[in-house]
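Novice: Please find run.pdb (PDB, N, CA and C atoms) on the next line:
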ATOM      1  N   ARG A 825     -38.136 129.424  12.773
ATOM      2  CA  ARG A 825     -38.194 130.860  12.509
ATOM      3  C   ARG A 825     -39.571 131.379  12.899
ATOM      4  N   ALA A 826     -39.591 132.472  13.617
ATOM      5  CA  ALA A 826     -40.849 133.033  14.108
ATOM      6  C   ALA A 826     -41.628 133.704  12.976
ATOM      7  N   VAL A 827     -42.942 133.573  13.036
ATOM      8  CA  VAL A 827     -43.828 134.236  12.084
ATOM      9  C   VAL A 827     -43.905 135.711  12.468
ATOM     10  N   PRO A 828     -43.739 136.641  11.505
ATOM     11  CA  PRO A 828     -43.796 138.065  11.856
ATOM     12  C   PRO A 828     -45.176 138.470  12.364
ATOM     13  N   THR A 829     -45.194 139.432  13.259
ATOM     14  CA  THR A 829     -46.432 139.974  13.799
ATOM     15  C   THR A 829     -46.978 141.008  12.825
ATOM     16  N   VAL A 830     -48.228 140.843  12.433
ATOM     17  CA  VAL A 830     -48.860 141.700  11.429
ATOM     18  C   VAL A 830     -49.861 142.626  12.109
ATOM     19  N   CYS A 831     -49.919 143.879  11.663
ATOM     20  CA  CYS A 831     -50.902 144.831  12.165
ATOM     21  C   CYS A 831     -51.516 145.577  10.984
ATOM     22  N   THR A 832     -52.649 146.197  11.222
ATOM     23  CA  THR A 832     -53.265 147.012  10.180
ATOM     24  C   THR A 832     -52.697 148.420  10.257
ATOM     25  N   GLY A 833     -52.655 149.086   9.149
ATOM     26  CA  GLY A 833     -52.168 150.455   9.112
ATOM     27  C   GLY A 833     -53.315 151.446   9.234
ATOM     28  N   THR A 834     -53.032 152.695   8.891
ATOM     29  CA  THR A 834     -54.024 153.755   8.969
ATOM     30  C   THR A 834     -54.176 154.432   7.610
ATOM     31  N   ASP A 835     -55.227 155.213   7.464
ATOM     32  CA  ASP A 835     -55.472 155.958   6.232
ATOM     33  C   ASP A 835     -56.032 157.338   6.588
ATOM     34  N   MET A 836     -55.308 158.031   7.479
ATOM     35  CA  MET A 836     -55.748 159.345   7.940
ATOM     36  C   MET A 836     -55.109 160.479   7.135
ATOM     37  N   LYS A 837     -54.031 160.160   6.429
ATOM     38  CA  LYS A 837     -53.256 161.159   5.701
ATOM     39  C   LYS A 837     -52.884 162.294   6.661
ATOM     40  N   LEU A 838     -53.164 163.543   6.321
ATOM     41  CA  LEU A 838     -52.782 164.658   7.195
ATOM     42  C   LEU A 838     -53.965 165.268   7.927
ATOM     43  N   LEU A 839     -55.026 164.491   8.111
ATOM     44  CA  LEU A 839     -56.161 164.977   8.886
ATOM     45  C   LEU A 839     -55.723 165.206  10.328
ATOM     46  N   ARG A 840     -56.039 166.368  10.858
ATOM     47  CA  ARG A 840     -55.666 166.689  12.238
ATOM     48  C   ARG A 840     -56.574 165.919  13.199
ATOM     49  N   PRO A 841     -55.973 165.192  14.158
ATOM     50  CA  PRO A 841     -56.798 164.430  15.106
ATOM     51  C   PRO A 841     -57.571 165.359  16.039
ATOM     52  N   SER A 842     -58.758 164.931  16.435
ATOM     53  CA  SER A 842     -59.561 165.757  17.355
ATOM     54  C   SER A 842     -58.975 165.738  18.762
ATOM     55  N   SER A 843     -58.293 164.672  19.138
ATOM     56  CA  SER A 843     -57.669 164.561  20.456
ATOM     57  C   SER A 843     -56.237 164.054  20.297
ATOM     58  N   PRO A 844     -55.230 164.905  20.509
ATOM     59  CA  PRO A 844     -53.836 164.459  20.374
ATOM     60  C   PRO A 844     -53.492 163.277  21.281
ATOM     61  N   GLU A 845     -54.066 163.246  22.497
ATOM     62  CA  GLU A 845     -53.763 162.152  23.428
ATOM     63  C   GLU A 845     -54.307 160.827  22.909
ATOM     64  N   SER A 846     -55.540 160.819  22.457
ATOM     65  CA  SER A 846     -56.101 159.559  21.963
ATOM     66  C   SER A 846     -55.451 159.159  20.635
ATOM     67  N   HIS A 847     -55.014 160.139  19.841
ATOM     68  CA  HIS A 847     -54.324 159.841  18.583
ATOM     69  C   HIS A 847     -53.021 159.095  18.868
ATOM     70  N   TYR A 848     -52.246 159.607  19.833
ATOM     71  CA  TYR A 848     -50.997 158.944  20.210
ATOM     72  C   TYR A 848     -51.277 157.526  20.716
ATOM     73  N   GLU A 849     -52.260 157.374  21.576
ATOM     74  CA  GLU A 849     -52.594 156.056  22.121
ATOM     75  C   GLU A 849     -53.044 155.103  21.015
ATOM     76  N   THR A 850     -53.775 155.611  20.045
ATOM     77  CA  THR A 850     -54.205 154.779  18.917
ATOM     78  C   THR A 850     -52.999 154.302  18.120
ATOM     79  N   LEU A 851     -52.073 155.210  17.810
ATOM     80  CA  LEU A 851     -50.870 154.824  17.074
ATOM     81  C   LEU A 851     -50.055 153.808  17.864
ATOM     82  N   ARG A 852     -49.904 154.045  19.169
ATOM     83  CA  ARG A 852     -49.150 153.119  20.009
ATOM     84  C   ARG A 852     -49.801 151.738  20.001
ATOM     85  N   HIS A 853     -51.120 151.717  20.138
ATOM     86  CA  HIS A 853     -51.853 150.452  20.145
ATOM     87  C   HIS A 853     -51.705 149.718  18.802
ATOM     88  N   LEU A 854     -51.785 150.442  17.709
ATOM     89  CA  LEU A 854     -51.697 149.831  16.377
ATOM     90  C   LEU A 854     -50.319 149.251  16.086
ATOM     91  N   TYR A 855     -49.277 150.003  16.399
ATOM     92  CA  TYR A 855     -47.939 149.648  15.927
ATOM     93  C   TYR A 855     -47.045 148.968  16.954
ATOM     94  N   GLN A 856     -47.445 148.929  18.217
ATOM     95  CA  GLN A 856     -46.600 148.303  19.228
ATOM     96  C   GLN A 856     -46.464 146.817  18.934
ATOM     97  N   GLY A 857     -45.233 146.357  18.810
ATOM     98  CA  GLY A 857     -44.971 144.951  18.540
ATOM     99  C   GLY A 857     -45.155 144.550  17.098
ATOM    100  N   CYS A 858     -45.430 145.487  16.231
ATOM    101  CA  CYS A 858     -45.720 145.178  14.829
ATOM    102  C   CYS A 858     -44.429 145.014  14.024
ATOM    103  N   GLN A 859     -44.417 144.010  13.164
ATOM    104  CA  GLN A 859     -43.290 143.806  12.264
ATOM    105  C   GLN A 859     -43.683 144.003  10.805
ATOM    106  N   VAL A 860     -44.926 143.733  10.468
ATOM    107  CA  VAL A 860     -45.427 143.918   9.104
ATOM    108  C   VAL A 860     -46.711 144.737   9.187
ATOM    109  N   VAL A 861     -46.719 145.898   8.534
ATOM    110  CA  VAL A 861     -47.900 146.758   8.510
ATOM    111  C   VAL A 861     -48.668 146.476   7.222
ATOM    112  N   GLN A 862     -49.890 145.965   7.361
ATOM    113  CA  GLN A 862     -50.757 145.754   6.201
ATOM    114  C   GLN A 862     -51.498 147.061   5.963
ATOM    115  N   GLY A 863     -50.985 147.864   5.104
ATOM    116  CA  GLY A 863     -51.548 149.179   4.844
ATOM    117  C   GLY A 863     -50.481 150.233   5.026
ATOM    118  N   ASN A 864     -50.891 151.411   5.450
ATOM    119  CA  ASN A 864     -49.996 152.552   5.562
ATOM    120  C   ASN A 864     -49.472 152.726   6.979
ATOM    121  N   LEU A 865     -48.232 153.149   7.074
ATOM    122  CA  LEU A 865     -47.619 153.515   8.358
ATOM    123  C   LEU A 865     -47.596 155.034   8.407
ATOM    124  N   GLU A 866     -48.494 155.601   9.197
ATOM    125  CA  GLU A 866     -48.611 157.052   9.301
ATOM    126  C   GLU A 866     -48.281 157.487  10.725
ATOM    127  N   LEU A 867     -47.213 158.242  10.869
ATOM    128  CA  LEU A 867     -46.823 158.799  12.162
ATOM    129  C   LEU A 867     -46.946 160.306  12.032
ATOM    130  N   THR A 868     -48.063 160.841  12.508
ATOM    131  CA  THR A 868     -48.361 162.250  12.331
ATOM    132  C   THR A 868     -48.786 162.882  13.655
ATOM    133  N   TYR A 869     -48.522 164.157  13.778
ATOM    134  CA  TYR A 869     -48.988 164.973  14.912
ATOM    135  C   TYR A 869     -48.557 164.424  16.272
ATOM    136  N   LEU A 870     -47.344 163.861  16.338
ATOM    137  CA  LEU A 870     -46.839 163.390  17.630
ATOM    138  C   LEU A 870     -46.300 164.581  18.422
ATOM    139  N   PRO A 871     -46.646 164.685  19.711
ATOM    140  CA  PRO A 871     -46.162 165.805  20.529
ATOM    141  C   PRO A 871     -44.664 165.671  20.826
ATOM    142  N   ALA A 872     -44.062 166.743  21.284
ATOM    143  CA  ALA A 872     -42.622 166.774  21.544
ATOM    144  C   ALA A 872     -42.187 165.710  22.553
ATOM    145  N   ASP A 873     -43.040 165.379  23.510
ATOM    146  CA  ASP A 873     -42.675 164.421  24.557
ATOM    147  C   ASP A 873     -43.130 162.992  24.257
ATOM    148  N   ALA A 874     -43.544 162.721  23.034
ATOM    149  CA  ALA A 874     -44.034 161.379  22.682
ATOM    150  C   ALA A 874     -42.912 160.350  22.773
ATOM    151  N   ASP A 875     -43.208 159.230  23.387
ATOM    152  CA  ASP A 875     -42.275 158.107  23.489
ATOM    153  C   ASP A 875     -42.543 157.189  22.305
ATOM    154  N   THR A 876     -41.608 157.143  21.359
ATOM    155  CA  THR A 876     -41.812 156.334  20.150
ATOM    156  C   THR A 876     -41.194 154.938  20.263
ATOM    157  N   ALA A 877     -40.851 154.536  21.476
ATOM    158  CA  ALA A 877     -40.275 153.203  21.677
ATOM    159  C   ALA A 877     -41.257 152.094  21.303
ATOM    160  N   PHE A 878     -42.548 152.419  21.179
ATOM    161  CA  PHE A 878     -43.537 151.405  20.803
ATOM    162  C   PHE A 878     -43.308 150.874  19.388
ATOM    163  N   LEU A 879     -42.415 151.491  18.628
ATOM    164  CA  LEU A 879     -42.128 151.017  17.271
ATOM    165  C   LEU A 879     -41.189 149.823  17.262
ATOM    166  N   LYS A 880     -40.772 149.357  18.427
ATOM    167  CA  LYS A 880     -39.891 148.187  18.516
ATOM    168  C   LYS A 880     -40.541 147.102  19.355
ATOM    169  N   VAL A 881     -40.192 145.857  19.062
ATOM    170  CA  VAL A 881     -40.592 144.723  19.900
ATOM    171  C   VAL A 881     -39.515 144.573  20.953
ATOM    172  N   ARG A 882     -39.871 144.755  22.228
ATOM    173  CA  ARG A 882     -38.875 144.719  23.297
ATOM    174  C   ARG A 882     -39.094 143.596  24.305
ATOM    175  N   SER A 883     -40.207 142.899  24.214
ATOM    176  CA  SER A 883     -40.557 141.966  25.279
ATOM    177  C   SER A 883     -39.819 140.643  25.215
ATOM    178  N   GLY A 884     -39.328 140.274  24.050
ATOM    179  CA  GLY A 884     -38.691 138.972  23.909
ATOM    180  C   GLY A 884     -39.696 137.866  23.628
ATOM    181  N   LYS A 885     -40.985 138.180  23.604
ATOM    182  CA  LYS A 885     -42.047 137.219  23.285
ATOM    183  C   LYS A 885     -42.943 137.826  22.218
ATOM    184  N   THR A 886     -43.606 136.972  21.468
ATOM    185  CA  THR A 886     -44.524 137.471  20.463
ATOM    186  C   THR A 886     -45.626 138.270  21.143
ATOM    187  N   PRO A 887     -45.883 139.494  20.690
ATOM    188  CA  PRO A 887     -46.927 140.312  21.303
ATOM    189  C   PRO A 887     -48.317 139.734  21.062
ATOM    190  N   PRO A 888     -49.331 140.199  21.824
ATOM    191  CA  PRO A 888     -50.695 139.733  21.614
ATOM    192  C   PRO A 888     -51.121 139.940  20.163
ATOM    193  N   GLY A 889     -51.882 138.981  19.652
ATOM    194  CA  GLY A 889     -52.321 139.051  18.259
ATOM    195  C   GLY A 889     -51.542 138.076  17.403
ATOM    196  N   GLY A 890     -50.334 137.696  17.849
ATOM    197  CA  GLY A 890     -49.556 136.695  17.136
ATOM    198  C   GLY A 890     -49.793 135.361  17.807
ATOM    199  N   SER A 891     -48.743 134.570  17.956
ATOM    200  CA  SER A 891     -48.864 133.327  18.703
ATOM    201  C   SER A 891     -49.090 133.665  20.163
ATOM    202  N   GLY A 892     -49.598 132.734  20.912
ATOM    203  CA  GLY A 892     -49.723 132.966  22.344
ATOM    204  C   GLY A 892     -51.153 132.959  22.815
ATOM    205  N   ARG A 893     -51.437 133.785  23.800
ATOM    206  CA  ARG A 893     -52.717 133.803  24.493
ATOM    207  C   ARG A 893     -53.890 133.854  23.524
ATOM    208  N   GLY A 894     -54.792 132.901  23.665
ATOM    209  CA  GLY A 894     -56.009 132.883  22.861
ATOM    210  C   GLY A 894     -55.848 132.258  21.498
ATOM    211  N   SER A 895     -54.614 131.985  21.079
ATOM    212  CA  SER A 895     -54.418 131.429  19.744
ATOM    213  C   SER A 895     -54.272 129.913  19.780
ATOM    214  N   GLY A 896     -54.110 129.345  20.984
ATOM    215  CA  GLY A 896     -53.899 127.912  21.087
ATOM    216  C   GLY A 896     -52.454 127.524  20.816
ATOM    217  N   ARG A 897     -51.593 128.505  20.582
ATOM    218  CA  ARG A 897     -50.177 128.242  20.326
ATOM    219  C   ARG A 897     -49.348 128.882  21.433
ATOM    220  N   PRO A 898     -48.192 128.302  21.758
ATOM    221  CA  PRO A 898     -47.359 128.884  22.809
ATOM    222  C   PRO A 898     -46.720 130.190  22.343
ATOM    223  N   LEU A 899     -46.281 131.000  23.322
ATOM    224  CA  LEU A 899     -45.541 132.204  22.984
ATOM    225  C   LEU A 899     -44.253 131.819  22.276
ATOM    226  N   THR A 900     -43.880 132.593  21.276
ATOM    227  CA  THR A 900     -42.688 132.318  20.488
ATOM    228  C   THR A 900     -41.640 133.376  20.784
ATOM    229  N   PRO A 901     -40.409 132.977  21.121
ATOM    230  CA  PRO A 901     -39.369 133.983  21.344
ATOM    231  C   PRO A 901     -39.152 134.815  20.083
ATOM    232  N   VAL A 902     -38.919 136.106  20.269
ATOM    233  CA  VAL A 902     -38.654 137.037  19.167
ATOM    234  C   VAL A 902     -37.376 137.775  19.519
ATOM    235  N   PRO A 903     -36.486 138.022  18.548
ATOM    236  CA  PRO A 903     -35.278 138.786  18.873
ATOM    237  C   PRO A 903     -35.644 140.142  19.483
ATOM    238  N   LEU A 904     -34.900 140.577  20.490
ATOM    239  CA  LEU A 904     -35.160 141.869  21.115
ATOM    240  C   LEU A 904     -34.928 143.000  20.117
ATOM    241  N   SER A 905     -35.668 144.087  20.275
ATOM    242  CA  SER A 905     -35.550 145.296  19.456
ATOM    243  C   SER A 905     -35.724 145.022  17.971
ATOM    244  N   GLN A 906     -36.655 144.170  17.614
ATOM    245  CA  GLN A 906     -36.931 143.906  16.208
ATOM    246  C   GLN A 906     -37.890 144.970  15.684
ATOM    247  N   ASP A 907     -37.436 145.703  14.696
ATOM    248  CA  ASP A 907     -38.190 146.819  14.146
ATOM    249  C   ASP A 907     -39.278 146.354  13.191
ATOM    250  N   ILE A 908     -40.101 147.312  12.770
ATOM    251  CA  ILE A 908     -41.023 147.080  11.663
ATOM    252  C   ILE A 908     -40.163 146.765  10.445
ATOM    253  N   LYS A 909     -40.448 145.661   9.805
ATOM    254  CA  LYS A 909     -39.634 145.191   8.674
ATOM    255  C   LYS A 909     -40.268 145.474   7.323
ATOM    256  N   GLU A 910     -41.599 145.582   7.299
ATOM    257  CA  GLU A 910     -42.282 145.716   6.012
ATOM    258  C   GLU A 910     -43.527 146.572   6.173
ATOM    259  N   VAL A 911     -43.728 147.473   5.215
ATOM    260  CA  VAL A 911     -44.949 148.275   5.140
ATOM    261  C   VAL A 911     -45.521 148.043   3.755
ATOM    262  N   GLN A 912     -46.759 147.568   3.694
ATOM    263  CA  GLN A 912     -47.347 147.210   2.410
ATOM    264  C   GLN A 912     -48.055 148.377   1.735
ATOM    265  N   GLY A 913     -48.096 149.536   2.393
ATOM    266  CA  GLY A 913     -48.660 150.756   1.816
ATOM    267  C   GLY A 913     -47.570 151.808   1.763
ATOM    268  N   TYR A 914     -47.919 153.046   2.093
ATOM    269  CA  TYR A 914     -46.925 154.122   2.118
ATOM    270  C   TYR A 914     -46.527 154.444   3.550
ATOM    271  N   VAL A 915     -45.418 155.158   3.687
ATOM    272  CA  VAL A 915     -44.944 155.636   4.986
ATOM    273  C   VAL A 915     -45.077 157.156   4.987
ATOM    274  N   LEU A 916     -45.790 157.683   5.977
ATOM    275  CA  LEU A 916     -45.982 159.124   6.116
ATOM    276  C   LEU A 916     -45.519 159.534   7.503
ATOM    277  N   ILE A 917     -44.493 160.374   7.555
ATOM    278  CA  ILE A 917     -43.998 160.924   8.811
ATOM    279  C   ILE A 917     -44.040 162.438   8.630
ATOM    280  N   ALA A 918     -45.020 163.088   9.273
ATOM    281  CA  ALA A 918     -45.215 164.510   9.018
ATOM    282  C   ALA A 918     -45.910 165.191  10.198
ATOM    283  N   GLU A 919     -45.717 166.502  10.294
ATOM    284  CA  GLU A 919     -46.400 167.357  11.271
ATOM    285  C   GLU A 919     -46.153 166.905  12.717
ATOM    286  N   ASN A 920     -44.954 166.403  12.978
ATOM    287  CA  ASN A 920     -44.597 165.935  14.320
ATOM    288  C   ASN A 920     -43.780 166.977  15.045
ATOM    289  N   ARG A 921     -43.901 166.977  16.367
ATOM    290  CA  ARG A 921     -43.050 167.832  17.208
ATOM    291  C   ARG A 921     -41.977 167.023  17.902
ATOM    292  N   VAL A 922     -42.093 165.720  17.877
ATOM    293  CA  VAL A 922     -41.106 164.843  18.485
ATOM    294  C   VAL A 922     -39.778 165.025  17.725
ATOM    295  N   SER A 923     -38.659 164.992  18.441
ATOM    296  CA  SER A 923     -37.362 165.287  17.814
ATOM    297  C   SER A 923     -36.785 164.104  17.039
ATOM    298  N   GLY A 924     -37.235 162.896  17.324
ATOM    299  CA  GLY A 924     -36.706 161.733  16.627
ATOM    300  C   GLY A 924     -37.575 160.518  16.865
ATOM    301  N   LEU A 925     -37.315 159.472  16.106
ATOM    302  CA  LEU A 925     -38.051 158.211  16.243
ATOM    303  C   LEU A 925     -37.083 157.147  16.717
ATOM    304  N   GLU A 926     -37.567 156.243  17.566
ATOM    305  CA  GLU A 926     -36.743 155.130  18.056
ATOM    306  C   GLU A 926     -36.397 154.219  16.915
TER     307      GLU A 926
END
Please rewrite the model in this file as structure tokens.
Specialist:
Amino acid sequence: RAVPTVCTGTDMKLLRPSSPESHYETLRHLYQGCQVVQGNLELTYLPADADTAFLKVRSGKTPPGGSGRGSGRPLTPVPLSQDIKEVQGYVLIAENRVSGLE
């Protein structure tokens, strides 16, 4: 059984980001390939055209940060489209223009 990929969450609450583009990229970087969020999952201020597919593991291999490159362990197969399974803080979905989440 594969070890879940863990990521850190955010603690921005409803603070408006200074740059919407960098905010989206930060969220994508934090949550892409993540299965367990240590902290809060905050999806805020996403633009209407935001691609939220980064909330799923689609590669079929453990993403960077888990097993694999640099860890001394081989890549581990992961079921396709495995969602975030656990959030250890709160979930905040607010002030978005995107019509839906993947």
Novice: Please compute the atom N of Thr850 of chain A-atom N of Asp835 of chain A distance, one decimal, in Å.
Specialist: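 That distance, rounded to one decimal, is 12.7 Å.
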Novice: Could you check how far atom N of Ser846 of chain A sits from atom C of Tyr869 of chain A, in Å to one decimal?
Specialist: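 These atoms are spaced 10.0 Å apart.
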Novice: Could you pull the residues within 6 Å of Asn920 of chain A, counting only C-alpha atoms, minus those fewer than 2 positions along the same chain, as a list in words?
Specialist: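 Contacts, in chain order: Thr868, Tyr869, Leu870, Ala918 and Val922 of chain A.
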Novice: Would you mind reading off the distance between atom CA of Lys880 of chain A and atom CA of Ser842 of chain A, one decimal, in Å?
Specialist: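 Computed distance, atom CA of Lys880 of chain A to atom CA of Ser842 of chain A, equals 26.4 Å.
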Novice: Adding 3 Å on each side of the box along x, y and z that holds all listed atoms of segment 837-843 of chain A, could you give its centre and edge lengths in Å to one decimal, as lines of an AutoDock Vina configuration file?
Specialist:
center_x = -56.2
center_y = 163.4
center_z = 13.1
size_x = 12.8
size_y = 12.5
size_z = 20.8
Novice: Counting only C-alpha atoms, which of A:Glu926, A:Glu919, A:Tyr914, A:Arg825 gets nearest to Pro871 of chain A?
Specialist: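 Of the candidates, the smallest distance to Pro871 of chain A is held by A:Glu919.
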